[in-house]
$ cat protein.tsv   # TSV, C-alpha atoms and all ligand atoms
chain	number	residue	atom	x	y	z
U	1	MET	CA	25.28	42.68	35.29
U	2	SER	CA	27.64	44.32	32.82
U	3	LYS	CA	28.60	43.12	29.37
U	4	SER	CA	31.96	41.98	30.75
U	5	ASP	CA	30.19	39.12	32.53
U	6	GLN	CA	27.83	38.22	29.71
U	7	ALA	CA	28.30	35.87	26.83
U	8	MET	CA	26.61	35.37	23.53
U	9	VAL	CA	26.75	32.42	21.16
U	10	ILE	CA	26.64	33.33	17.48
U	11	THR	CA	26.56	30.53	14.93
U	12	GLY	CA	28.04	30.87	11.46
U	13	THR	CA	30.70	33.46	12.35
U	14	SER	CA	33.29	32.73	9.65
U	15	ARG	CA	31.74	35.13	7.13
U	16	GLY	CA	28.64	37.08	6.14
U	17	LEU	CA	26.21	38.43	8.72
U	18	GLY	CA	27.53	36.18	11.50
U	19	LEU	CA	31.06	37.52	11.12
U	20	GLN	CA	29.85	41.12	11.21
U	21	LEU	CA	27.63	40.43	14.21
U	22	ALA	CA	30.53	38.82	16.08
U	23	GLU	CA	32.76	41.81	15.36
U	24	THR	CA	30.12	44.28	16.53
U	25	MET	CA	29.37	42.37	19.72
U	26	LEU	CA	33.09	42.03	20.56
U	27	GLU	CA	33.52	45.79	20.11
U	28	ARG	CA	30.68	46.28	22.54
U	29	GLY	CA	32.34	44.18	25.22
U	30	TRP	CA	30.51	40.86	24.95
U	31	TRP	CA	32.21	37.49	25.31
U	32	VAL	CA	31.44	35.77	22.03
U	33	PHE	CA	31.44	32.04	21.37
U	34	GLY	CA	31.25	31.52	17.63
U	35	CYS	CA	31.21	28.56	15.32
U	36	SER	CA	31.30	27.44	11.72
U	37	ARG	CA	32.45	24.28	9.96
U	38	GLY	CA	35.62	25.98	8.84
U	39	PRO	CA	38.13	28.09	10.77
U	40	SER	CA	37.66	31.75	11.64
U	41	ASP	CA	40.04	34.66	11.17
U	42	THR	CA	38.61	36.48	14.18
U	43	LYS	CA	41.26	36.93	16.85
U	44	HIS	CA	40.11	38.55	20.06
U	45	GLU	CA	40.68	37.86	23.73
U	46	ARG	CA	36.93	37.59	24.28
U	47	TYR	CA	36.30	35.38	21.24
U	48	GLN	CA	36.39	31.61	21.12
U	49	HIS	CA	35.79	29.74	17.88
U	50	PHE	CA	34.48	26.21	17.49
U	51	GLU	CA	34.86	24.38	14.23
U	52	LEU	CA	31.66	22.40	14.16
U	53	ASP	CA	28.55	21.54	12.25
U	54	VAL	CA	25.53	22.99	14.07
U	55	ALA	CA	23.64	19.78	13.29
U	56	ASP	CA	26.17	17.69	15.26
U	57	GLU	CA	24.57	17.26	18.67
U	58	LYS	CA	27.75	16.24	20.50
U	59	ALA	CA	29.77	19.12	19.10
U	60	VAL	CA	27.01	21.60	19.96
U	61	ALA	CA	26.77	20.23	23.52
U	62	HIS	CA	30.55	20.62	23.76
U	63	MET	CA	30.41	24.27	22.72
U	64	PHE	CA	27.69	25.07	25.26
U	65	ALA	CA	29.62	23.16	27.94
U	66	ALA	CA	32.53	25.52	27.22
U	67	VAL	CA	30.21	28.49	27.73
U	68	ARG	CA	29.06	27.01	31.03
U	69	LYS	CA	32.62	26.36	32.17
U	70	SER	CA	33.66	29.93	31.28
U	71	GLY	CA	31.51	31.11	34.18
U	72	LYS	CA	29.95	33.82	31.99
U	73	GLN	CA	26.21	34.27	31.89
U	74	LEU	CA	24.85	33.17	28.53
U	75	PHE	CA	22.45	36.00	27.72
U	76	ALA	CA	21.82	35.41	24.04
U	77	VAL	CA	22.15	33.01	21.16
U	78	LEU	CA	22.01	34.18	17.57
U	79	ASN	CA	21.20	31.18	15.39
U	80	ASN	CA	22.58	32.71	12.25
U	81	ALA	CA	24.29	29.71	10.60
U	82	GLY	CA	22.37	28.82	7.50
U	83	THR	CA	22.68	27.51	4.03
U	84	ALA	CA	20.66	27.92	0.84
U	85	SER	CA	20.19	26.07	-2.39
U	86	MET	CA	18.21	27.04	-5.44
U	87	ASN	CA	16.53	24.32	-7.40
U	88	HIS	CA	13.23	23.40	-8.96
U	89	VAL	CA	11.07	21.11	-6.84
U	90	LEU	CA	11.20	18.43	-9.54
U	91	THR	CA	14.99	18.30	-9.62
U	92	THR	CA	15.88	18.68	-5.95
U	93	PRO	CA	17.75	15.65	-4.60
U	94	LEU	CA	16.93	14.21	-1.20
U	95	SER	CA	20.49	14.93	-0.07
U	96	THR	CA	19.87	18.68	-0.57
U	97	MET	CA	16.69	18.43	1.49
U	98	HIS	CA	18.59	16.69	4.28
U	99	LYS	CA	21.40	19.22	4.21
U	100	LEU	CA	19.19	22.29	4.35
U	101	PHE	CA	17.01	20.92	7.11
U	102	SER	CA	20.03	19.70	9.11
U	103	VAL	CA	21.71	23.08	9.16
U	104	ASN	CA	18.81	25.53	9.10
U	105	VAL	CA	16.31	23.64	11.21
U	106	PHE	CA	18.04	21.02	13.36
U	107	GLY	CA	21.05	23.26	13.98
U	108	THR	CA	18.77	26.04	15.16
U	109	MET	CA	16.77	23.64	17.34
U	110	LEU	CA	19.87	22.10	18.94
U	111	CYS	CA	21.49	25.44	19.69
U	112	SER	CA	18.22	26.91	20.99
U	113	ARG	CA	17.75	23.91	23.26
U	114	GLU	CA	21.25	23.97	24.69
U	115	ALA	CA	21.21	27.75	25.07
U	116	ALA	CA	17.85	27.69	26.86
U	117	LYS	CA	19.17	25.15	29.36
U	118	LEU	CA	21.90	27.59	30.37
U	119	MET	CA	19.58	30.62	30.36
U	120	LEU	CA	17.10	28.90	32.69
U	121	LYS	CA	19.49	29.34	35.60
U	122	HIS	CA	19.46	33.10	35.24
U	123	GLY	CA	15.79	33.50	34.48
U	124	GLU	CA	16.54	35.63	31.43
U	125	GLY	CA	17.80	35.23	27.91
U	126	ARG	CA	17.32	36.04	24.25
U	127	ILE	CA	17.05	33.46	21.51
U	128	ILE	CA	17.28	35.09	18.10
U	129	ASN	CA	16.74	32.81	15.13
U	130	PHE	CA	17.22	33.60	11.48
U	131	GLY	CA	14.27	33.13	9.16
U	132	SER	CA	13.90	34.68	5.74
U	133	VAL	CA	11.49	36.74	3.66
U	134	ALA	CA	11.48	33.68	1.42
U	135	VAL	CA	8.74	32.41	3.77
U	136	ALA	CA	6.55	35.47	3.34
U	137	TYR	CA	7.03	35.46	-0.44
U	138	ALA	CA	6.78	31.67	-0.99
U	139	LEU	CA	9.63	31.97	-3.44
U	140	GLU	CA	9.68	29.72	-6.47
U	141	GLY	CA	13.02	27.99	-6.93
U	142	GLU	CA	13.60	27.95	-3.19
U	143	ALA	CA	11.06	25.42	-1.98
U	144	VAL	CA	13.33	23.54	0.40
U	145	TYR	CA	15.08	26.63	1.75
U	146	THR	CA	11.72	28.33	2.24
U	147	ALA	CA	10.25	25.28	3.96
U	148	SER	CA	13.26	25.08	6.26
U	149	LYS	CA	12.96	28.76	7.22
U	150	ALA	CA	9.20	28.33	7.74
U	151	ALA	CA	10.09	25.54	10.15
U	152	VAL	CA	12.49	27.86	11.97
U	153	GLU	CA	9.82	30.53	12.28
U	154	SER	CA	7.17	28.10	13.59
U	155	TYR	CA	9.63	26.54	15.99
U	156	THR	CA	10.51	30.00	17.30
U	157	LYS	CA	6.88	30.75	18.11
U	158	VAL	CA	6.42	27.56	20.13
U	159	LEU	CA	9.80	28.06	21.78
U	160	ALA	CA	8.65	31.52	22.84
U	161	ARG	CA	5.59	30.00	24.49
U	162	GLU	CA	7.50	27.31	26.34
U	163	MET	CA	10.22	29.71	27.50
U	164	GLY	CA	8.07	32.73	28.36
U	165	TYR	CA	7.57	31.53	31.91
U	166	HIS	CA	11.34	31.44	32.38
U	167	GLY	CA	12.05	34.99	31.25
U	168	ILE	CA	13.54	33.89	27.93
U	169	THR	CA	12.31	35.49	24.73
U	170	ALA	CA	12.54	33.88	21.30
U	171	ASN	CA	12.12	35.76	18.05
U	172	SER	CA	13.05	35.47	14.42
U	173	VAL	CA	14.88	38.03	12.35
U	174	SER	CA	13.94	37.32	8.77
U	175	PRO	CA	16.13	39.27	6.36
U	176	ASN	CA	15.44	40.19	2.78
U	177	PRO	CA	18.36	39.77	0.35
U	178	VAL	CA	21.61	41.06	1.83
U	179	LYS	CA	24.68	40.83	-0.40
U	180	THR	CA	26.69	38.00	1.16
U	181	ASP	CA	28.11	34.71	-0.15
U	182	LEU	CA	24.73	33.13	0.51
U	183	ILE	CA	23.13	34.79	-2.48
U	184	ALA	CA	26.28	35.35	-4.55
U	185	GLY	CA	25.34	32.56	-6.95
U	186	VAL	CA	21.83	33.82	-7.65
U	187	PRO	CA	21.47	35.85	-10.87
U	188	ASP	CA	21.01	39.61	-10.31
U	189	ASP	CA	17.73	39.84	-12.21
U	190	LYS	CA	16.20	37.13	-10.03
U	191	MET	CA	17.28	38.98	-6.91
U	192	GLN	CA	15.99	42.27	-8.26
U	193	ARG	CA	12.57	40.72	-8.87
U	194	LEU	CA	12.54	39.59	-5.26
U	195	VAL	CA	13.56	43.02	-4.00
U	196	ASP	CA	10.77	44.53	-6.11
U	197	ARG	CA	8.20	42.50	-4.17
U	198	GLN	CA	9.19	44.12	-0.89
U	199	SER	CA	7.31	47.08	0.60
U	200	ILE	CA	10.57	49.01	0.60
U	201	LYS	CA	12.42	48.08	-2.55
U	202	ARG	CA	16.11	47.85	-1.81
U	203	TYR	CA	18.69	45.27	-0.74
U	204	GLY	CA	19.12	44.85	2.98
U	205	GLU	CA	22.31	45.96	4.68
U	206	TYR	CA	24.06	44.44	7.64
U	207	GLU	CA	22.98	47.47	9.71
U	208	ASP	CA	19.31	46.69	9.00
U	209	VAL	CA	19.76	43.24	10.50
U	210	LEU	CA	21.80	44.62	13.40
U	211	ARG	CA	19.08	47.12	14.28
U	212	VAL	CA	16.52	44.33	14.73
U	213	VAL	CA	19.00	42.20	16.67
U	214	ASP	CA	19.70	45.18	18.95
U	215	PHE	CA	15.98	45.74	19.53
U	216	LEU	CA	15.55	42.10	20.54
U	217	LEU	CA	18.75	42.01	22.62
U	218	ASP	CA	17.85	45.08	24.66
U	219	GLU	CA	17.90	44.06	28.31
U	220	LYS	CA	14.72	46.07	28.88
U	221	ASN	CA	12.94	44.34	26.01
U	222	THR	CA	11.49	41.53	28.07
U	223	PHE	CA	8.07	41.50	26.39
U	224	THR	CA	8.68	41.04	22.67
U	225	THR	CA	8.54	37.33	21.98
U	226	GLY	CA	7.33	34.84	19.39
U	227	GLN	CA	7.66	37.46	16.64
U	228	VAL	CA	8.91	37.12	13.11
U	229	ILE	CA	10.30	40.36	11.77
U	230	TYR	CA	10.52	40.58	7.97
U	231	LEU	CA	12.99	43.17	6.79
U	232	GLY	CA	11.79	45.31	3.92
U	233	GLY	CA	8.16	44.58	4.74
U	234	PRO	CA	5.66	42.07	3.38
C	1	MET	CA	29.96	7.82	49.09
C	2	GLY	CA	29.64	5.51	46.07
C	3	LYS	CA	28.89	6.94	42.67
C	4	ARG	CA	25.27	5.79	42.63
C	5	GLU	CA	24.63	7.33	46.00
C	6	GLU	CA	26.24	10.61	44.90
C	7	VAL	CA	24.11	10.69	41.77
C	8	MET	CA	20.95	9.94	43.75
C	9	THR	CA	21.78	12.77	46.14
C	10	LEU	CA	22.18	15.19	43.23
C	11	LEU	CA	18.86	14.09	41.79
C	12	LYS	CA	17.05	14.49	45.12
C	13	GLU	CA	18.51	17.99	45.44
C	14	CYS	CA	17.14	18.84	42.00
C	15	VAL	CA	13.64	17.65	42.92
C	16	GLN	CA	13.93	19.53	46.23
C	17	GLU	CA	14.98	22.67	44.37
C	18	TYR	CA	11.96	22.40	42.06
C	19	SER	CA	9.76	21.77	45.08
C	20	GLU	CA	10.94	25.06	46.62
C	21	GLN	CA	10.72	27.01	43.35
C	22	SER	CA	7.21	25.85	42.64
C	23	GLY	CA	6.04	26.09	46.25
C	24	GLN	CA	4.73	22.51	46.14
C	25	GLU	CA	5.38	19.88	48.79
C	26	LEU	CA	6.83	16.99	46.75
C	27	ALA	CA	7.53	13.39	47.69
C	28	ILE	CA	11.25	12.68	47.22
C	29	GLN	CA	11.82	8.97	47.89
C	30	GLU	CA	14.03	6.74	45.80
C	31	ASP	CA	11.03	4.93	44.38
C	32	THR	CA	8.98	8.10	43.84
C	33	PRO	CA	7.61	8.13	40.28
C	34	LEU	CA	8.52	11.07	38.03
C	35	ILE	CA	6.01	10.25	35.30
C	36	GLY	CA	2.52	8.75	35.21
C	37	PRO	CA	-0.55	9.41	37.33
C	38	GLU	CA	1.35	9.08	40.62
C	39	ALA	CA	4.20	11.37	39.52
C	40	THR	CA	5.53	13.73	42.14
C	41	VAL	CA	6.16	16.46	39.55
C	42	ASP	CA	3.94	17.87	36.82
C	43	SER	CA	5.15	17.86	33.19
C	44	LEU	CA	6.92	21.20	33.53
C	45	GLY	CA	8.47	19.95	36.75
C	46	LEU	CA	9.84	16.89	34.99
C	47	VAL	CA	11.48	19.09	32.34
C	48	MET	CA	12.97	21.33	35.02
C	49	VAL	CA	14.26	18.40	37.08
C	50	ILE	CA	15.84	16.69	34.05
C	51	THR	CA	17.45	19.96	32.93
C	52	SER	CA	18.93	20.87	36.30
C	53	PHE	CA	19.97	17.26	36.98
C	54	GLU	CA	21.81	17.17	33.64
C	55	ALA	CA	23.60	20.44	34.47
C	56	GLN	CA	24.56	19.20	37.95
C	57	LEU	CA	25.90	15.92	36.58
C	58	ASN	CA	27.94	17.68	33.90
C	59	ASP	CA	29.35	20.12	36.45
C	60	LYS	CA	30.27	17.46	38.94
C	61	TYR	CA	31.72	14.88	36.57
C	62	GLY	CA	33.02	17.18	33.84
C	63	THR	CA	30.85	15.43	31.24
C	64	GLU	CA	28.70	16.75	28.40
C	65	LEU	CA	25.74	14.41	28.76
C	66	VAL	CA	22.35	15.05	27.21
C	67	LEU	CA	19.84	13.07	29.28
C	68	ALA	CA	16.88	13.32	26.94
C	69	ASN	CA	18.51	11.40	24.08
C	70	GLU	CA	17.24	8.80	21.61
C	71	LYS	CA	18.20	5.98	23.92
C	72	ALA	CA	16.15	7.37	26.79
C	73	MET	CA	13.14	7.90	24.56
C	74	SER	CA	13.27	4.43	23.05
C	75	MET	CA	13.86	2.39	26.20
C	76	ARG	CA	11.01	0.04	26.93
C	77	ASN	CA	11.03	1.13	30.56
C	78	SER	CA	11.41	4.90	30.61
C	79	PRO	CA	14.43	6.01	32.64
C	80	PHE	CA	12.25	8.85	33.88
C	81	ARG	CA	9.79	6.55	35.63
C	82	SER	CA	11.30	7.00	39.11
C	83	LEU	CA	14.22	8.54	40.95
C	84	ASN	CA	15.81	5.09	41.12
C	85	ALA	CA	15.46	4.51	37.39
C	86	LEU	CA	16.79	7.95	36.50
C	87	THR	CA	19.74	7.47	38.83
C	88	ASP	CA	20.60	4.10	37.27
C	89	TYR	CA	20.28	5.59	33.82
C	90	ALA	CA	22.52	8.55	34.70
C	91	VAL	CA	25.14	6.24	36.22
C	92	SER	CA	25.13	4.15	33.04
C	93	LEU	CA	25.63	7.26	30.90
C	94	LEU	CA	28.45	8.43	33.17
C	95	ASP	CA	30.10	5.02	32.92
C	96	GLU	CA	29.80	5.11	29.14
C	97	ALA	CA	31.38	8.57	29.12
C	98	GLY	CA	34.17	7.22	31.31
C	99	ALA	CA	33.51	9.72	34.08
C	100	ALA	CA	35.48	9.01	37.25
C	101	ALA	CA	33.53	8.73	40.50
A	301	LIG	N1	22.08	37.05	2.94
A	301	LIG	C1	20.80	37.00	2.68
A	301	LIG	O1	20.35	37.49	1.67
A	301	LIG	C2	19.84	36.35	3.64
A	301	LIG	C3	18.47	36.51	3.44
A	301	LIG	C4	17.57	35.91	4.32
A	301	LIG	C5	18.04	35.14	5.37
A	301	LIG	N2	19.39	35.00	5.55
A	301	LIG	C6	19.83	34.17	6.66
A	301	LIG	O2	20.79	34.86	7.44
A	301	LIG	C7	21.73	33.93	7.97
A	301	LIG	C8	23.15	34.36	7.64
A	301	LIG	O3	23.28	34.40	6.23
A	301	LIG	P1	24.59	34.94	5.47
A	301	LIG	O4	24.09	35.64	4.27
A	301	LIG	O5	25.49	35.63	6.38
A	301	LIG	O6	25.23	33.53	4.97
A	301	LIG	P2	26.72	33.17	4.55
A	301	LIG	O7	27.45	34.40	4.14
A	301	LIG	O8	26.59	32.06	3.58
A	301	LIG	O9	27.37	32.63	5.91
A	301	LIG	C9	26.86	31.49	6.52
A	301	LIG	C10	27.67	31.17	7.75
A	301	LIG	O10	27.14	29.98	8.35
A	301	LIG	C11	28.16	29.00	8.49
A	301	LIG	N3	27.60	27.67	8.33
A	301	LIG	C12	26.99	27.13	7.24
A	301	LIG	N4	26.64	25.86	7.46
A	301	LIG	C13	27.03	25.59	8.74
A	301	LIG	C14	26.97	24.42	9.56
A	301	LIG	N5	26.42	23.28	9.12
A	301	LIG	N6	27.47	24.49	10.82
A	301	LIG	C15	28.04	25.63	11.27
A	301	LIG	N7	28.11	26.76	10.55
A	301	LIG	C16	27.63	26.72	9.30
A	301	LIG	C17	29.17	29.35	7.41
A	301	LIG	O11	30.47	28.87	7.72
A	301	LIG	P3	31.04	27.43	7.17
A	301	LIG	O12	30.70	27.33	5.74
A	301	LIG	O13	32.51	27.49	7.48
A	301	LIG	O14	30.37	26.38	8.01
A	301	LIG	C18	29.13	30.87	7.46
A	301	LIG	O15	29.93	31.34	8.53
A	301	LIG	C19	21.35	32.56	7.39
A	301	LIG	O16	20.57	31.85	8.32
A	301	LIG	C20	20.53	32.93	6.16
A	301	LIG	O17	19.63	31.90	5.81
A	301	LIG	C21	20.29	35.59	4.72
$ encode --input "protein.tsv" --output "structure tokens"
Amino acid sequence: MSKSDQAMVITGTSRGLGLQLAETMLERGWWVFGCSRGPSDTKHERYQHFELDVADEKAVAHMFAAVRKSGKQLFAVLNNAGTASMNHVLTTPLSTMHKLFSVNVFGTMLCSREAAKLMLKHGEGRIINFGSVAVAYALEGEAVYTASKAAVESYTKVLAREMGYHGITANSVSPNPVKTDLIAGVPDDKMQRLVDRQSIKRYGEYEDVLRVVDFLLDEKNTFTTGQVIYLGGP
Amino acid sequence: MGKREEVMTLLKECVQEYSEQSGQELAIQEDTPLIGPEATVDSLGLVMVITSFEAQLNDKYGTELVLANEKAMSMRNSPFRSLNALTDYAVSLLDEAGAAA
């Protein structure tokens, strides 16, 4: 099976890592189905954009139905869409908790579920979820975000177990700070302190994330599953 | 063929397909239970049957149904209790979605 018959769903493709991943995968010949709440500037004959909230079950089912109807084999889903919010535990409103869990956790679960249903038919697939080093570092000021990413990482491990029999792997890429809109509002000194906790003390680059995604996507990599890969080290 | 009959045929094909994949001889009657001690499929089998049945329904009727939804989980009598019950449940979801026979 060549790339020209294979499709990938990438969530959160309007900017940041998701946009870069979509561009790279299109260059490489994949059919890419992307989504974000807002529109996308990506124009490509092999790209289709869905304006949706990943926590909206009907909209997600609709996107995956479009993948099915395209006749392309869904080989991978990159559950990249995510949102962050910094706040002290004592001043975090319930609405923030709902929002972060809806997008980061339920969105990832819904898209993993719908993707896995399509992958079952082919007996192969790659589910790549996005965690964060925030989990490894138990970051103060990011309790809800950290808890949501911990949920993603735990979910990924169980998903890997349930899907192993079907030839589908599930792993989590957990980046350290990469300069995107996501962290644009966080003061530099706070970010630097975080970077200083890493084994390798520098900001992450898109290419660092891509390298892990490529490792997990490799068609021959059928045996790496249930792993959480922290960029920059513990 | 009426819609219910069509849907039942699809469902039986899905159980048959799982029977072949798993190498188990499975009972496939309309009143065959899908859950409980007398179930014809094991728990993995139930998941596989529901998943392939959902895909077949969506292909055939052009719908985007999700069978394992809140309604299914909260019904007093599980729609997964037998082939008959699952067929009735699927037909009701198709009707709700306005799918033509
Ligand atoms: N950058 C970092 O330092 C860092 C570190 C660790 C982990 N990560 C993780 O890496 C992933 C990508 O991060 P990023 O830095 O690229 O973030 P970003 O620049 O903020 O981009 C997030 C993307 O997700 C989309 N999105 C947000 N909420 C959505 C929703 N409810 N439904 C659909 N799409 C939604 C956004 O588009 P719309 O706003 O239009 O919906 C946007 O395209 C996230 O999961 C993040 O948690 C990032």
$ residues_near_ligand --input "protein.tsv" --ligand "ligand LIG 301 (chain A)" --cutoff "7 Å" --atoms "only C-alpha atoms and all ligand atoms" --output "ChimeraX atom specification"
/U:11-19,35-39,52-55,80-84,103-104,130-133,174-183
$ interface_residues --input "protein.tsv" --of "chain C" --to "chain U" --cutoff "8 Å" --atoms "only C-alpha atoms" --output "PDB file with C-alpha atoms, in the frame of the given file"
ATOM      1  CA  THR C  51      17.450  19.960  32.930  1.00  0.00           C
ATOM      2  CA  GLU C  64      28.700  16.750  28.400  1.00  0.00           C
ATOM      3  CA  LEU C  65      25.740  14.410  28.760  1.00  0.00           C
ATOM      4  CA  VAL C  66      22.350  15.050  27.210  1.00  0.00           C
TER       5      VAL C  66
END
$ atom_distance --input "protein.tsv" --atom1 "CA of Phe101 in chain U" --atom2 "CA of Lys149 in chain U"
8.8 Å
$ closest_residue --input "protein.tsv" --among "U:Val9, U:Leu210, U:Met86, U:Leu231" --to "Glu142 in chain U" --atoms "only C-alpha atoms"
U:Met86
$ residues_around --input "protein.tsv" --residues "Ala147 in chain U" --least-positions-apart "5" --cutoff "12 Å" --atoms "only C-alpha atoms" --output "list in words"
Ala84, Ser85, Val89, Met97, His98, Leu100, Phe101, Asn104, Val105, Gly131, Ser132, Val133, Ala134, Val135, Ala136, Tyr137, Ala138, Leu139, Glu140, Gly141, Glu142, Val152, Glu153 and Ser154 of chain U
$ closest_residue --input "protein.tsv" --among "U:Ser102, U:Glu205, U:His166, U:Gly34" --to "Glu51 in chain U" --atoms "all atoms listed in the file"
U:Gly34
$ residues_around --input "protein.tsv" --residues "range 70-80 of chain C" --least-positions-apart "6" --cutoff "10 Å" --atoms "all atoms listed in the file" --output "list in words"
Pro33, Leu34, Ile35, Gly36, Leu46, Ile50, Leu86, Thr87, Asp88, Tyr89 and Ala90 of chain C
$ atom_distance --input "protein.tsv" --atom1 "CA of Asn58 in chain C" --atom2 "CA of Gly123 in chain U"
20.0 Å
$ atom_distance --input "protein.tsv" --atom1 "CA of Ala68 in chain C" --atom2 "CA of Leu10 in chain C"
17.2 Å
$ axis_aligned_box --input "protein.tsv" --around "range 130-137 of chain U" --padding-each-side "3 Å" --output "AutoDock Vina command-line options"
--center_x 11.9 --center_y 34.6 --center_z 5.5 --size_x 16.7 --size_y 10.3 --size_z 17.9
$ closest_residue --input "protein.tsv" --among "U:Lys72, U:Val144, U:Asp196, U:Leu21" --to "Val209 in chain U" --atoms "all atoms listed in the file"
U:Leu21
$ build_atoms --input "protein.tsv" --residues "range 81-97 of chain U" --atoms "N, CA and C atoms" --output "CSV table (one decimal), in the coordinates of the input"
chain,number,residue,atom,x,y,z
U,81,ALA,N,23.7,30.6,11.6
U,81,ALA,CA,24.3,29.7,10.6
U,81,ALA,C,23.2,29.2,9.7
U,82,GLY,N,23.4,29.3,8.4
U,82,GLY,CA,22.4,28.8,7.5
U,82,GLY,C,23.0,28.5,6.1
U,83,THR,N,22.2,27.8,5.4
U,83,THR,CA,22.7,27.5,4.0
U,83,THR,C,21.5,27.5,3.1
U,84,ALA,N,21.8,27.8,1.8
U,84,ALA,CA,20.7,27.9,0.8
U,84,ALA,C,21.0,27.1,-0.4
U,85,SER,N,20.0,26.8,-1.1
U,85,SER,CA,20.2,26.1,-2.4
U,85,SER,C,19.0,26.4,-3.3
U,86,MET,N,19.3,26.7,-4.5
U,86,MET,CA,18.2,27.0,-5.4
U,86,MET,C,18.0,25.8,-6.3
U,87,ASN,N,16.8,25.4,-6.5
U,87,ASN,CA,16.5,24.3,-7.4
U,87,ASN,C,15.0,24.2,-7.6
U,88,HIS,N,14.7,23.6,-8.7
U,88,HIS,CA,13.2,23.4,-9.0
U,88,HIS,C,12.8,22.2,-8.1
U,89,VAL,N,11.6,22.2,-7.7
U,89,VAL,CA,11.1,21.1,-6.8
U,89,VAL,C,11.3,19.8,-7.5
U,90,LEU,N,11.1,19.7,-8.8
U,90,LEU,CA,11.2,18.4,-9.5
U,90,LEU,C,12.6,17.9,-9.7
U,91,THR,N,13.6,18.8,-9.4
U,91,THR,CA,15.0,18.3,-9.6
U,91,THR,C,15.8,18.5,-8.3
U,92,THR,N,15.2,18.5,-7.2
U,92,THR,CA,15.9,18.7,-6.0
U,92,THR,C,16.2,17.3,-5.3
U,93,PRO,N,17.4,17.0,-5.2
U,93,PRO,CA,17.8,15.6,-4.6
U,93,PRO,C,17.5,15.6,-3.1
U,94,LEU,N,17.2,14.4,-2.6
U,94,LEU,CA,16.9,14.2,-1.2
U,94,LEU,C,18.1,14.7,-0.3
U,95,SER,N,19.3,14.5,-0.9
U,95,SER,CA,20.5,14.9,-0.1
U,95,SER,C,20.5,16.4,0.2
U,96,THR,N,20.0,17.2,-0.8
U,96,THR,CA,19.9,18.7,-0.6
U,96,THR,C,18.8,19.0,0.5
U,97,MET,N,17.7,18.2,0.5
U,97,MET,CA,16.7,18.4,1.5
U,97,MET,C,17.2,18.2,2.9
